[in-house]
file data-v2.tsv (TSV, C-alpha atoms and all ligand atoms)
chain	number	residue	atom	x	y	z
A	1384	MET	CA	-27.80	-36.05	1.56
A	1385	SER	CA	-24.56	-34.56	0.33
A	1386	ASP	CA	-21.06	-35.95	0.60
A	1387	SER	CA	-17.99	-33.80	0.47
A	1388	GLN	CA	-14.29	-34.64	0.62
A	1389	SER	CA	-12.53	-37.84	-0.15
A	1390	GLY	CA	-15.58	-40.06	-0.60
A	1391	GLY	CA	-14.79	-43.55	-1.83
A	1392	GLN	CA	-11.41	-43.88	-0.14
A	1393	THR	CA	-10.73	-46.81	2.11
A	1394	ASN	CA	-10.09	-46.31	5.84
A	1395	THR	CA	-12.06	-43.09	5.87
A	1396	ARG	CA	-13.81	-41.78	8.95
A	1397	THR	CA	-17.34	-40.58	8.35
A	1398	VAL	CA	-18.51	-37.38	9.97
A	1399	VAL	CA	-22.27	-36.81	9.89
A	1400	ILE	CA	-23.47	-33.21	10.11
A	1401	THR	CA	-27.09	-32.62	11.11
A	1402	GLY	CA	-28.67	-29.24	10.37
A	1403	ALA	CA	-26.36	-29.04	7.35
A	1404	ASN	CA	-28.24	-26.09	5.90
A	1405	GLY	CA	-27.76	-23.75	8.87
A	1406	GLN	CA	-25.07	-21.09	9.23
A	1407	VAL	CA	-22.64	-23.39	11.03
A	1408	GLY	CA	-23.82	-26.47	9.12
A	1409	ARG	CA	-23.03	-24.89	5.76
A	1410	GLU	CA	-19.61	-23.75	6.93
A	1411	LEU	CA	-18.91	-27.27	8.20
A	1412	MET	CA	-19.81	-28.57	4.73
A	1413	ARG	CA	-17.25	-26.32	3.06
A	1414	ALA	CA	-14.59	-26.54	5.78
A	1415	GLU	CA	-11.22	-28.16	5.13
A	1416	TRP	CA	-11.44	-31.63	6.62
A	1417	PRO	CA	-8.45	-34.00	6.65
A	1418	SER	CA	-8.22	-36.28	3.62
A	1419	ASP	CA	-9.29	-39.38	5.57
A	1420	VAL	CA	-12.65	-37.83	6.49
A	1421	THR	CA	-15.85	-38.31	4.53
A	1422	VAL	CA	-18.43	-35.68	5.40
A	1423	VAL	CA	-22.14	-36.52	5.13
A	1424	GLY	CA	-24.41	-33.51	5.49
A	1425	LEU	CA	-28.06	-33.97	6.42
A	1426	THR	CA	-30.46	-31.05	6.13
A	1427	SER	CA	-33.63	-30.81	8.20
A	1428	SER	CA	-35.66	-32.35	5.37
A	1429	GLU	CA	-33.26	-35.29	5.18
A	1430	LEU	CA	-33.12	-35.92	8.91
A	1431	ASP	CA	-35.51	-34.36	11.40
A	1432	ILE	CA	-33.60	-34.84	14.64
A	1433	THR	CA	-36.83	-34.76	16.67
A	1434	ASP	CA	-37.83	-38.03	14.97
A	1435	SER	CA	-36.17	-40.62	17.21
A	1436	ALA	CA	-36.82	-43.55	14.87
A	1437	ALA	CA	-35.32	-41.66	11.92
A	1438	VAL	CA	-32.27	-40.67	13.98
A	1439	GLU	CA	-31.75	-44.26	15.06
A	1440	ALA	CA	-32.13	-45.69	11.55
A	1441	THR	CA	-29.94	-43.03	9.90
A	1442	ILE	CA	-27.08	-43.23	12.37
A	1443	ASP	CA	-27.19	-47.03	12.45
A	1444	ALA	CA	-27.03	-47.12	8.63
A	1445	ILE	CA	-24.17	-44.64	8.28
A	1446	ALA	CA	-22.24	-45.78	11.37
A	1447	PRO	CA	-20.27	-42.52	11.57
A	1448	ALA	CA	-17.17	-41.96	13.69
A	1449	VAL	CA	-18.47	-38.51	14.60
A	1450	ILE	CA	-21.91	-36.86	14.70
A	1451	VAL	CA	-21.77	-33.07	14.60
A	1452	ASN	CA	-25.14	-31.65	15.57
A	1453	ALA	CA	-25.51	-28.23	13.95
A	1454	ALA	CA	-29.31	-28.49	13.98
A	1455	ALA	CA	-31.10	-26.19	16.39
A	1456	TYR	CA	-34.08	-23.99	17.07
A	1457	THR	CA	-32.33	-20.61	17.18
A	1458	ALA	CA	-35.21	-18.08	17.23
A	1459	VAL	CA	-34.48	-16.63	20.68
A	1460	ASP	CA	-37.57	-14.40	20.96
A	1461	LYS	CA	-39.96	-16.85	19.29
A	1462	ALA	CA	-38.89	-19.54	21.75
A	1463	GLU	CA	-40.60	-17.61	24.56
A	1464	ASP	CA	-43.99	-18.47	23.01
A	1465	ASP	CA	-42.87	-21.80	21.63
A	1466	GLU	CA	-40.76	-23.36	24.38
A	1467	GLU	CA	-42.17	-26.81	23.71
A	1468	ARG	CA	-40.84	-26.82	20.13
A	1469	ALA	CA	-37.53	-25.21	21.17
A	1470	THR	CA	-37.10	-27.92	23.82
A	1471	ALA	CA	-38.04	-30.66	21.36
A	1472	VAL	CA	-35.31	-29.57	18.92
A	1473	ASN	CA	-32.66	-28.29	21.33
A	1474	GLY	CA	-33.27	-30.74	24.17
A	1475	HIS	CA	-35.16	-33.97	23.48
A	1476	ALA	CA	-33.67	-34.40	20.00
A	1477	VAL	CA	-30.21	-34.33	21.56
A	1478	ASP	CA	-31.33	-37.24	23.75
A	1479	HIS	CA	-32.04	-39.15	20.50
A	1480	LEU	CA	-28.66	-38.24	19.03
A	1481	ALA	CA	-26.91	-39.17	22.28
A	1482	ALA	CA	-28.58	-42.59	22.30
A	1483	ALA	CA	-27.61	-43.16	18.66
A	1484	ALA	CA	-24.03	-42.04	19.35
A	1485	ASP	CA	-23.75	-44.41	22.29
A	1486	ARG	CA	-25.08	-47.33	20.26
A	1487	SER	CA	-22.70	-46.72	17.36
A	1488	GLY	CA	-19.71	-45.66	19.47
A	1489	ALA	CA	-19.60	-42.27	17.73
A	1490	LEU	CA	-18.29	-39.05	19.23
A	1491	LEU	CA	-21.20	-36.59	19.59
A	1492	VAL	CA	-20.26	-32.96	18.98
A	1493	HIS	CA	-23.04	-30.61	19.99
A	1494	TYR	CA	-23.22	-26.80	19.86
A	1495	SER	CA	-24.53	-24.74	22.72
A	1496	THR	CA	-24.84	-21.10	23.53
A	1497	ASP	CA	-23.64	-18.30	25.79
A	1498	TYR	CA	-27.34	-17.83	26.66
A	1499	VAL	CA	-27.13	-20.73	29.14
A	1500	PHE	CA	-25.62	-18.11	31.48
A	1501	ASP	CA	-27.62	-15.44	33.30
A	1502	GLY	CA	-25.13	-12.65	32.56
A	1503	SER	CA	-24.55	-11.64	36.17
A	1504	LYS	CA	-20.87	-12.68	36.33
A	1505	ASP	CA	-18.36	-9.89	36.69
A	1506	GLY	CA	-15.90	-11.18	34.11
A	1507	TRP	CA	-15.57	-13.80	31.40
A	1508	TYR	CA	-17.46	-17.07	31.73
A	1509	VAL	CA	-15.41	-20.28	31.95
A	1510	GLU	CA	-16.69	-23.72	31.02
A	1511	GLY	CA	-17.38	-24.80	34.60
A	1512	ASP	CA	-19.45	-21.77	35.61
A	1513	PRO	CA	-22.97	-22.67	36.77
A	1514	LEU	CA	-25.72	-22.53	34.15
A	1515	ASN	CA	-28.70	-20.33	34.89
A	1516	PRO	CA	-30.56	-19.52	31.67
A	1517	ILE	CA	-32.94	-16.57	31.85
A	1518	GLY	CA	-34.98	-17.40	28.73
A	1519	ALA	CA	-36.71	-20.29	27.01
A	1520	TYR	CA	-34.02	-20.68	24.33
A	1521	GLY	CA	-31.28	-20.83	26.97
A	1522	ARG	CA	-33.27	-23.37	28.99
A	1523	SER	CA	-33.75	-25.56	25.92
A	1524	LYS	CA	-30.03	-25.38	25.14
A	1525	ALA	CA	-29.11	-26.20	28.76
A	1526	HIS	CA	-31.31	-29.29	28.38
A	1527	GLY	CA	-29.34	-30.14	25.22
A	1528	GLU	CA	-26.00	-29.78	27.03
A	1529	ALA	CA	-27.13	-32.27	29.68
A	1530	ALA	CA	-28.41	-34.64	26.99
A	1531	ALA	CA	-25.10	-34.51	25.09
A	1532	ALA	CA	-23.16	-35.03	28.33
A	1533	SER	CA	-25.03	-38.31	28.89
A	1534	THR	CA	-23.02	-39.98	26.11
A	1535	ALA	CA	-19.73	-41.70	26.77
A	1536	ARG	CA	-17.95	-39.60	24.12
A	1537	HIS	CA	-19.12	-36.03	23.68
A	1538	LEU	CA	-18.00	-32.49	23.10
A	1539	VAL	CA	-20.26	-29.54	23.85
A	1540	LEU	CA	-19.01	-26.50	21.93
A	1541	ARG	CA	-20.48	-23.36	23.44
A	1542	THR	CA	-20.47	-20.48	21.03
A	1543	ALA	CA	-21.98	-17.01	20.76
A	1544	TRP	CA	-23.35	-14.21	18.56
A	1545	VAL	CA	-22.90	-16.26	15.37
A	1546	TYR	CA	-22.58	-14.44	12.07
A	1547	GLY	CA	-21.46	-15.45	8.61
A	1548	ALA	CA	-21.95	-15.12	4.87
A	1549	LEU	CA	-24.28	-18.12	4.65
A	1550	GLY	CA	-27.57	-17.32	6.36
A	1551	ASN	CA	-29.35	-14.52	8.16
A	1552	ASN	CA	-27.73	-12.95	11.19
A	1553	PHE	CA	-26.95	-9.63	12.89
A	1554	VAL	CA	-24.43	-8.63	10.19
A	1555	THR	CA	-26.82	-9.24	7.29
A	1556	THR	CA	-29.57	-7.41	9.20
A	1557	MET	CA	-27.34	-4.37	9.84
A	1558	LEU	CA	-26.24	-4.24	6.19
A	1559	ARG	CA	-29.88	-4.35	5.08
A	1560	LEU	CA	-31.02	-1.71	7.60
A	1561	ALA	CA	-28.12	0.57	6.62
A	1562	SER	CA	-29.47	0.61	3.07
A	1563	GLU	CA	-33.08	1.23	4.17
A	1564	ARG	CA	-32.92	3.68	7.10
A	1565	ASP	CA	-31.47	7.04	8.05
A	1566	GLU	CA	-31.52	6.35	11.75
A	1567	LEU	CA	-30.90	3.20	13.73
A	1568	GLY	CA	-30.74	2.29	17.40
A	1569	VAL	CA	-28.67	-0.63	18.68
A	1570	VAL	CA	-28.27	-1.93	22.22
A	1571	ALA	CA	-24.96	-0.94	23.80
A	1572	ASP	CA	-25.18	-2.55	27.24
A	1573	GLN	CA	-25.08	-6.27	26.37
A	1574	PHE	CA	-21.60	-7.74	25.97
A	1575	GLY	CA	-20.55	-10.94	24.23
A	1576	CYS	CA	-18.20	-12.44	21.67
A	1577	PRO	CA	-19.30	-12.16	18.03
A	1578	THR	CA	-18.10	-15.37	16.39
A	1579	SER	CA	-17.95	-16.23	12.72
A	1580	ALA	CA	-19.59	-19.49	11.64
A	1581	ALA	CA	-16.53	-20.26	9.51
A	1582	ASP	CA	-14.27	-19.92	12.56
A	1583	ILE	CA	-16.58	-22.25	14.51
A	1584	ALA	CA	-16.40	-24.79	11.69
A	1585	ALA	CA	-12.60	-24.56	11.50
A	1586	ALA	CA	-12.28	-25.03	15.26
A	1587	THR	CA	-14.65	-28.00	15.07
A	1588	VAL	CA	-12.45	-29.62	12.42
A	1589	ASP	CA	-9.39	-29.05	14.61
A	1590	LEU	CA	-11.13	-30.50	17.65
A	1591	VAL	CA	-12.61	-33.62	16.11
A	1592	ALA	CA	-10.31	-34.49	13.26
A	1593	HIS	CA	-6.82	-33.99	14.52
A	1594	GLU	CA	-5.06	-36.42	16.76
A	1595	ALA	CA	-3.86	-33.91	19.38
A	1596	ALA	CA	-7.33	-32.69	20.23
A	1597	SER	CA	-9.43	-35.75	19.52
A	1598	SER	CA	-9.28	-36.96	23.11
A	1599	ALA	CA	-10.98	-33.76	24.26
A	1600	ALA	CA	-14.26	-34.21	26.10
A	1601	GLY	CA	-16.78	-32.11	27.93
A	1602	VAL	CA	-17.52	-28.46	27.34
A	1603	VAL	CA	-15.30	-26.16	25.28
A	1604	HIS	CA	-15.97	-22.49	24.60
A	1605	VAL	CA	-15.57	-21.77	20.88
A	1606	ALA	CA	-15.71	-18.01	20.44
A	1607	SER	CA	-13.80	-14.99	19.27
A	1608	PRO	CA	-11.17	-13.94	21.82
A	1609	ASP	CA	-12.50	-10.37	21.72
A	1610	ASP	CA	-15.73	-8.99	23.10
A	1611	ALA	CA	-18.12	-6.31	21.91
A	1612	ASP	CA	-21.50	-4.82	22.64
A	1613	TRP	CA	-24.10	-4.91	19.87
A	1614	HIS	CA	-23.69	-1.21	19.04
A	1615	THR	CA	-19.91	-1.58	18.66
A	1616	PHE	CA	-20.48	-4.64	16.50
A	1617	ALA	CA	-22.97	-2.72	14.31
A	1618	MET	CA	-20.58	0.21	13.87
A	1619	ALA	CA	-17.83	-2.23	12.85
A	1620	VAL	CA	-20.19	-3.73	10.24
A	1621	PHE	CA	-20.80	-0.25	8.79
A	1622	ASP	CA	-17.09	0.62	8.87
A	1623	THR	CA	-16.20	-2.64	7.11
A	1624	SER	CA	-18.80	-2.41	4.38
A	1625	ALA	CA	-18.16	-0.59	1.11
A	1626	ASN	CA	-21.32	1.52	1.43
A	1627	GLY	CA	-20.93	2.31	5.14
A	1628	PHE	CA	-23.85	4.03	6.85
A	1629	SER	CA	-24.37	7.74	6.39
A	1630	GLY	CA	-27.18	7.96	8.94
A	1631	VAL	CA	-27.17	8.02	12.73
A	1632	CYS	CA	-26.75	4.87	14.80
A	1633	LYS	CA	-27.85	5.57	18.38
A	1634	GLN	CA	-26.69	3.66	21.43
A	1635	LEU	CA	-29.67	2.17	23.25
A	1636	THR	CA	-30.02	0.59	26.65
A	1637	THR	CA	-31.70	-2.78	26.98
A	1638	ALA	CA	-34.60	-0.99	28.68
A	1639	GLU	CA	-35.00	1.23	25.61
A	1640	TYR	CA	-35.16	-1.80	23.28
A	1641	PRO	CA	-37.46	-4.34	24.94
A	1642	THR	CA	-37.56	-7.80	23.37
A	1643	LYS	CA	-39.70	-10.83	24.11
A	1644	ALA	CA	-36.72	-12.76	25.49
A	1645	VAL	CA	-34.47	-11.32	28.17
A	1646	ARG	CA	-30.83	-11.63	27.16
A	1647	PRO	CA	-27.80	-11.81	29.45
A	1648	ALA	CA	-26.04	-8.46	29.90
A	1649	ASN	CA	-22.66	-10.21	29.90
A	1650	SER	CA	-22.06	-13.47	28.08
A	1651	ARG	CA	-18.36	-13.17	27.28
A	1652	LEU	CA	-16.87	-16.66	26.86
A	1653	ALA	CA	-13.28	-17.32	27.96
A	1654	THR	CA	-11.52	-19.55	25.43
A	1655	ASP	CA	-8.36	-20.67	27.25
A	1656	ARG	CA	-9.43	-24.32	27.03
A	1657	LEU	CA	-10.00	-24.11	23.25
A	1658	ASN	CA	-6.69	-22.33	22.74
A	1659	SER	CA	-4.75	-25.04	24.54
A	1660	LEU	CA	-6.64	-27.87	22.80
A	1661	ILE	CA	-6.15	-26.61	19.25
A	1662	GLY	CA	-2.94	-24.68	19.79
A	1663	ARG	CA	-4.28	-21.35	18.59
A	1664	GLN	CA	-6.98	-18.83	19.35
A	1665	LEU	CA	-9.71	-17.96	16.87
A	1666	PRO	CA	-9.19	-14.77	14.87
A	1667	SER	CA	-10.51	-11.56	16.36
A	1668	TRP	CA	-14.15	-10.99	15.37
A	1669	ARG	CA	-13.05	-7.80	13.57
A	1670	THR	CA	-10.72	-9.80	11.31
A	1671	SER	CA	-13.37	-12.41	10.49
A	1672	LEU	CA	-15.98	-9.69	10.00
A	1673	SER	CA	-13.93	-8.29	7.10
A	1674	THR	CA	-13.88	-11.72	5.45
A	1675	VAL	CA	-17.63	-12.18	5.91
A	1676	VAL	CA	-18.57	-8.71	4.65
A	1677	ALA	CA	-16.26	-9.16	1.64
A	1678	GLU	CA	-17.99	-12.44	0.76
A	1679	LEU	CA	-21.46	-10.90	1.19
A	1680	GLU	CA	-20.54	-7.92	-0.99
A	1681	SER	CA	-18.99	-10.11	-3.65
A	1682	LYS	CA	-22.16	-12.23	-3.78
A	1683	GLN	CA	-24.25	-9.06	-3.97
A	1684	ALA	CA	-22.11	-7.72	-6.85
A	1685	HIS	CA	-22.39	-11.05	-8.62
A	1686	ASN	CA	-26.20	-11.04	-8.29
A	1687	ALA	CA	-26.60	-7.40	-9.35
B	1701	LIG	N1	-27.06	-18.14	15.77
B	1701	LIG	C1	-26.46	-17.72	16.92
B	1701	LIG	O1	-26.29	-16.52	17.13
B	1701	LIG	C2	-25.97	-18.70	17.92
B	1701	LIG	C3	-25.42	-18.23	19.14
B	1701	LIG	C4	-24.95	-19.17	20.07
B	1701	LIG	C5	-25.04	-20.51	19.80
B	1701	LIG	N2	-25.60	-20.95	18.64
B	1701	LIG	C6	-25.72	-22.37	18.42
B	1701	LIG	O2	-24.91	-22.72	17.29
B	1701	LIG	C7	-25.51	-23.81	16.61
B	1701	LIG	C8	-25.63	-23.48	15.13
B	1701	LIG	O3	-26.46	-22.32	15.00
B	1701	LIG	P1	-26.74	-21.64	13.59
B	1701	LIG	O4	-26.60	-20.19	13.78
B	1701	LIG	O5	-25.97	-22.32	12.54
B	1701	LIG	O6	-28.29	-21.99	13.44
B	1701	LIG	P2	-29.23	-21.81	12.16
B	1701	LIG	O7	-28.55	-21.03	11.11
B	1701	LIG	O8	-30.55	-21.35	12.71
B	1701	LIG	O9	-29.37	-23.30	11.62
B	1701	LIG	C9	-30.03	-24.28	12.33
B	1701	LIG	C10	-30.35	-25.39	11.37
B	1701	LIG	O10	-31.03	-26.40	12.12
B	1701	LIG	C11	-32.04	-26.91	11.30
B	1701	LIG	N3	-33.10	-27.53	12.08
B	1701	LIG	C12	-34.06	-26.95	12.83
B	1701	LIG	N4	-34.86	-27.88	13.37
B	1701	LIG	C13	-34.38	-29.08	12.94
B	1701	LIG	C14	-34.79	-30.42	13.15
B	1701	LIG	N5	-35.84	-30.72	13.90
B	1701	LIG	N6	-34.08	-31.41	12.56
B	1701	LIG	C15	-33.00	-31.12	11.79
B	1701	LIG	N7	-32.58	-29.88	11.55
B	1701	LIG	C16	-33.26	-28.87	12.13
B	1701	LIG	C17	-32.56	-25.71	10.53
B	1701	LIG	O11	-33.22	-26.21	9.38
B	1701	LIG	P3	-34.24	-25.30	8.54
B	1701	LIG	O12	-33.33	-24.47	7.70
B	1701	LIG	O13	-35.04	-26.27	7.78
B	1701	LIG	O14	-35.03	-24.54	9.55
B	1701	LIG	C18	-31.28	-24.97	10.23
B	1701	LIG	O15	-30.74	-25.37	8.98
B	1701	LIG	C19	-26.83	-24.08	17.31
B	1701	LIG	O16	-26.67	-25.12	18.24
B	1701	LIG	C20	-27.12	-22.80	18.04
B	1701	LIG	O17	-27.94	-23.01	19.19
B	1701	LIG	C21	-26.05	-20.07	17.69
call {"tool": "encode", "arguments": {"input": "data-v2.tsv", "output": "structure tokens", "more": "lines below"}}
Ligand SMILES: NC(=O)c1ccc[n+]([C@@H]2O[C@H](COP(=O)([O-])OP(=O)(O)OC[C@H]3O[C@@H](n4cnc5c(N)ncnc54)[C@H](OP(=O)(O)O)[C@@H]3O)[C@@H](O)[C@H]2O)c1
result
Amino acid sequence: MSDSQSGGQTNTRTVVITGANGQVGRELMRAEWPSDVTVVGLTSSELDITDSAAVEATIDAIAPAVIVNAAAYTAVDKAEDDEERATAVNGHAVDHLAAAADRSGALLVHYSTDYVFDGSKDGWYVEGDPLNPIGAYGRSKAHGEAAAASTARHLVLRTAWVYGALGNNFVTTMLRLASERDELGVVADQFGCPTSAADIAAATVDLVAHEAASSAAGVVHVASPDDADWHTFAMAVFDTSANGFSGVCKQLTTAEYPTKAVRPANSRLATDRLNSLIGRQLPSWRTSLSTVVAELESKQAHNA
């Protein structure tokens, strides 16, 4: 268990973060929280959210003002063969957290995904659009949204295409492949909003910790205001990195790059609600990509 920020002060509000070792979890741990907030991070080995007795005992003991659930089963393809486990972590475990939040009066903040949509909408998805997941991961996350919504005080933050400097993701994969291959192929007919984990963490702080937004409830899309397809995103990674990519990066169709899980062709998330709640929009994914690539390259230089 790790504490950060202002521990030991009186009149502090405690924010518990589950899944504290994930991409978003780690960014939440290093985010700038207000001085009256004490952050308690729990990794999967410190709190397995599928263990209902452990969830109950831990939340009762800490009595947090806010539970931020950054724990999840995020292996989209693997979930197709392992839906039971994905549902246990992304669905049933949220039932446990919701029950604990209700008992302690805490606000439950839960992350969800653009993959709860089927991708057939002609335009950007808004919070109230009907869910129709087309894969096991999306179904498990839709279950989690319903579980979180069963609490009196909840926020479901739907995000998308998460990347960052702390963890493995599309950006780290592209940087690695650029150094290993002469030719790459990346899907160019799936559209979404690449969103940096640090931007998600900063928006979460704004939503839960500041007075103006703290009365927010329900679903909020937390995503970059700009969209991309995966090929465009990959090319931006190469353009941003110091080494670039001297090989060929082909545009592929989804049909040319079959994966175990079917992914929505369009999962762009409209963020008008977020913008009005926190009084700003998140940075463009291109801006945040530069920050992330710079941090990755500086770590690489440091380790060399
Ligand atoms: N990654 C994306 O592209 C993406 C896109 C849309 C939405 N989201 C959502 O955003 C949220 C954060 O995702 P992320 O990218 O930060 O995920 P991540 O990097 O995969 O981190 C998930 C964390 O959850 C932990 N975890 C797994 N099972 C657990 C359990 N039973 N109990 C406690 N902790 C457990 C993992 O621990 P271990 O390290 O021990 O496995 C890991 O540290 C999730 O709700 C995800 O569904 C992600």
call {"tool": "residues_around", "arguments": {"input": "data-v2.tsv", "residues": "stretch 1482-1491 of chain A", "least_positions_apart": "5", "cutoff": "6 Å", "atoms": "only C-alpha atoms", "output": "PDB file with C-alpha atoms, in the frame of the given file"}}
result
ATOM      1  CA  GLU A1439     -31.750 -44.260  15.060  1.00  0.00           C
ATOM      2  CA  ALA A1448     -17.170 -41.960  13.690  1.00  0.00           C
ATOM      3  CA  VAL A1449     -18.470 -38.510  14.600  1.00  0.00           C
ATOM      4  CA  ILE A1450     -21.910 -36.860  14.700  1.00  0.00           C
ATOM      5  CA  THR A1534     -23.020 -39.980  26.110  1.00  0.00           C
ATOM      6  CA  ARG A1536     -17.950 -39.600  24.120  1.00  0.00           C
ATOM      7  CA  HIS A1537     -19.120 -36.030  23.680  1.00  0.00           C
TER       8      HIS A1537
END
call {"tool": "closest_atom_pairs", "arguments": {"input": "data-v2.tsv", "of": "chain A", "to": "ligand LIG 1701 (chain B)", "cutoff": "7 Å", "atoms": "only C-alpha atoms and all ligand atoms", "output": "Markdown table"}}
result
| residue | atom | partner | partner_atom | distance |
| --- | --- | --- | --- | --- |
| A:Thr1401 | CA | B:LIG1701 | C15 | 6.1 |
| A:Gly1402 | CA | B:LIG1701 | O10 | 4.1 |
| A:Ala1403 | CA | B:LIG1701 | O15 | 5.9 |
| A:Asn1404 | CA | B:LIG1701 | O15 | 4.0 |
| A:Gly1405 | CA | B:LIG1701 | O9 | 3.2 |
| A:Gln1406 | CA | B:LIG1701 | O5 | 3.6 |
| A:Val1407 | CA | B:LIG1701 | O5 | 3.8 |
| A:Gly1408 | CA | B:LIG1701 | O5 | 5.8 |
| A:Thr1426 | CA | B:LIG1701 | N7 | 5.9 |
| A:Ser1427 | CA | B:LIG1701 | N7 | 3.6 |
| A:Ser1428 | CA | B:LIG1701 | O13 | 6.6 |
| A:Leu1430 | CA | B:LIG1701 | C15 | 5.6 |
| A:Asp1431 | CA | B:LIG1701 | N6 | 3.5 |
| A:Ile1432 | CA | B:LIG1701 | N6 | 4.0 |
| A:Thr1433 | CA | B:LIG1701 | N5 | 5.0 |
| A:Ala1453 | CA | B:LIG1701 | C8 | 4.9 |
| A:Ala1454 | CA | B:LIG1701 | O10 | 3.3 |
| A:Ala1455 | CA | B:LIG1701 | O10 | 4.3 |
| A:Tyr1456 | CA | B:LIG1701 | C12 | 5.2 |
| A:Thr1457 | CA | B:LIG1701 | O8 | 4.9 |
| A:Val1472 | CA | B:LIG1701 | N5 | 5.2 |
| A:His1493 | CA | B:LIG1701 | O16 | 6.8 |
| A:Tyr1494 | CA | B:LIG1701 | O16 | 4.2 |
| A:Ser1495 | CA | B:LIG1701 | O16 | 5.0 |
| A:Thr1496 | CA | B:LIG1701 | C5 | 3.8 |
| A:Asp1497 | CA | B:LIG1701 | C4 | 5.9 |
| A:Lys1524 | CA | B:LIG1701 | O17 | 6.7 |
| A:Arg1541 | CA | B:LIG1701 | C5 | 6.5 |
| A:Thr1542 | CA | B:LIG1701 | C5 | 4.7 |
| A:Ala1543 | CA | B:LIG1701 | C4 | 3.7 |
| A:Trp1544 | CA | B:LIG1701 | O1 | 4.0 |
| A:Val1545 | CA | B:LIG1701 | O1 | 3.8 |
| A:Tyr1546 | CA | B:LIG1701 | O1 | 6.6 |
| A:Gly1550 | CA | B:LIG1701 | O7 | 6.1 |
| A:Asn1552 | CA | B:LIG1701 | N1 | 7.0 |
call {"tool": "atom_distance", "arguments": {"input": "data-v2.tsv", "atom1": "atom CA of A:Asn1626", "atom2": "atom CA of A:Ala1687"}}
result
15.0 Å
call {"tool": "atom_distance", "arguments": {"input": "data-v2.tsv", "atom1": "atom CA of A:Leu1679", "atom2": "atom CA of A:Gly1627"}}
result
13.8 Å
call {"tool": "closest_residue", "arguments": {"input": "data-v2.tsv", "among": "A:Glu1678, A:Asp1419, A:Asp1612, A:Asp1478", "to": "A:Val1569", "atoms": "all atoms listed in the file"}}
result
A:Asp1612
call {"tool": "residues_around", "arguments": {"input": "data-v2.tsv", "residues": "A:Val1631", "least_positions_apart": "4", "cutoff": "8 Å", "atoms": "all atoms listed in the file", "output": "compact mmCIF listing (two decimals) with C-alpha atoms, keeping the file's coordinate frame"}}
result
# COMPACT_ATOMS: atom_id res chain seq x y z
CA ASP A 1565 -31.47 7.04 8.05
CA GLU A 1566 -31.52 6.35 11.75
CA LEU A 1567 -30.90 3.20 13.73
call {"tool": "residues_near_point", "arguments": {"input": "data-v2.tsv", "point": "(-30.1, -7.3, -1.1)", "cutoff": "12 Å", "atoms": "only C-alpha atoms", "output": "MDAnalysis selection string"}}
result
chainID A and resid 1551 1555:1563 1679:1687
call {"tool": "atom_distance", "arguments": {"input": "data-v2.tsv", "atom1": "atom CA of A:Val1570", "atom2": "atom CA of A:Asn1473"}}
result
26.7 Å
call {"tool": "residues_near_point", "arguments": {"input": "data-v2.tsv", "point": "(-14.1, -20.4, 4.3)", "cutoff": "9 Å", "atoms": "only C-alpha atoms", "output": "PyMOL selection string"}}
result
chain A and resi 1410+1413-1415+1581-1582+1584-1585+1674
call {"tool": "axis_aligned_box", "arguments": {"input": "data-v2.tsv", "around": "stretch 1514-1529 of chain A", "padding_each_side": "6 Å", "output": "lines of an AutoDock Vina configuration file"}}
result
center_x = -31.2
center_y = -24.4
center_z = 29.6
size_x = 23.0
size_y = 27.7
size_z = 22.6
call {"tool": "residues_around", "arguments": {"input": "data-v2.tsv", "residues": "stretch 1587-1591 of chain A", "least_positions_apart": "6", "cutoff": "9 Å", "atoms": "all atoms listed in the file", "output": "list in words"}}
result
Leu1411, Ala1414, Glu1415, Trp1416, Pro1417, Val1449, Val1451, Leu1490, Val1492, Leu1538, Leu1540, Ser1597, Ser1598, Ala1599, Val1605, Leu1657, Leu1660 and Ile1661 of chain A
call {"tool": "residues_around", "arguments": {"input": "data-v2.tsv", "residues": "A:Glu1466", "least_positions_apart": "3", "cutoff": "10 Å", "atoms": "all atoms listed in the file", "output": "list in words"}}
result
Tyr1456, Val1459, Lys1461, Ala1462, Glu1463, Ala1469, Thr1470, Ala1471, Val1472, Asn1473, Gly1518, Ala1519, Tyr1520, Arg1522 and Ser1523 of chain A
call {"tool": "residues_around", "arguments": {"input": "data-v2.tsv", "residues": "A:Cys1576", "least_positions_apart": "6", "cutoff": "8 Å", "atoms": "all atoms listed in the file", "output": "list in words"}}
result
Ala1543, Trp1544, Ala1606, Ser1607, Pro1608, Asp1609, Asp1610, Ala1611, Ser1650, Arg1651, Leu1652 and Trp1668 of chain A
call {"tool": "closest_residue", "arguments": {"input": "data-v2.tsv", "among": "A:Val1423, A:Met1412, A:Met1384, A:Ala1530", "to": "A:Gly1601", "atoms": "only C-alpha atoms"}}
result
A:Ala1530
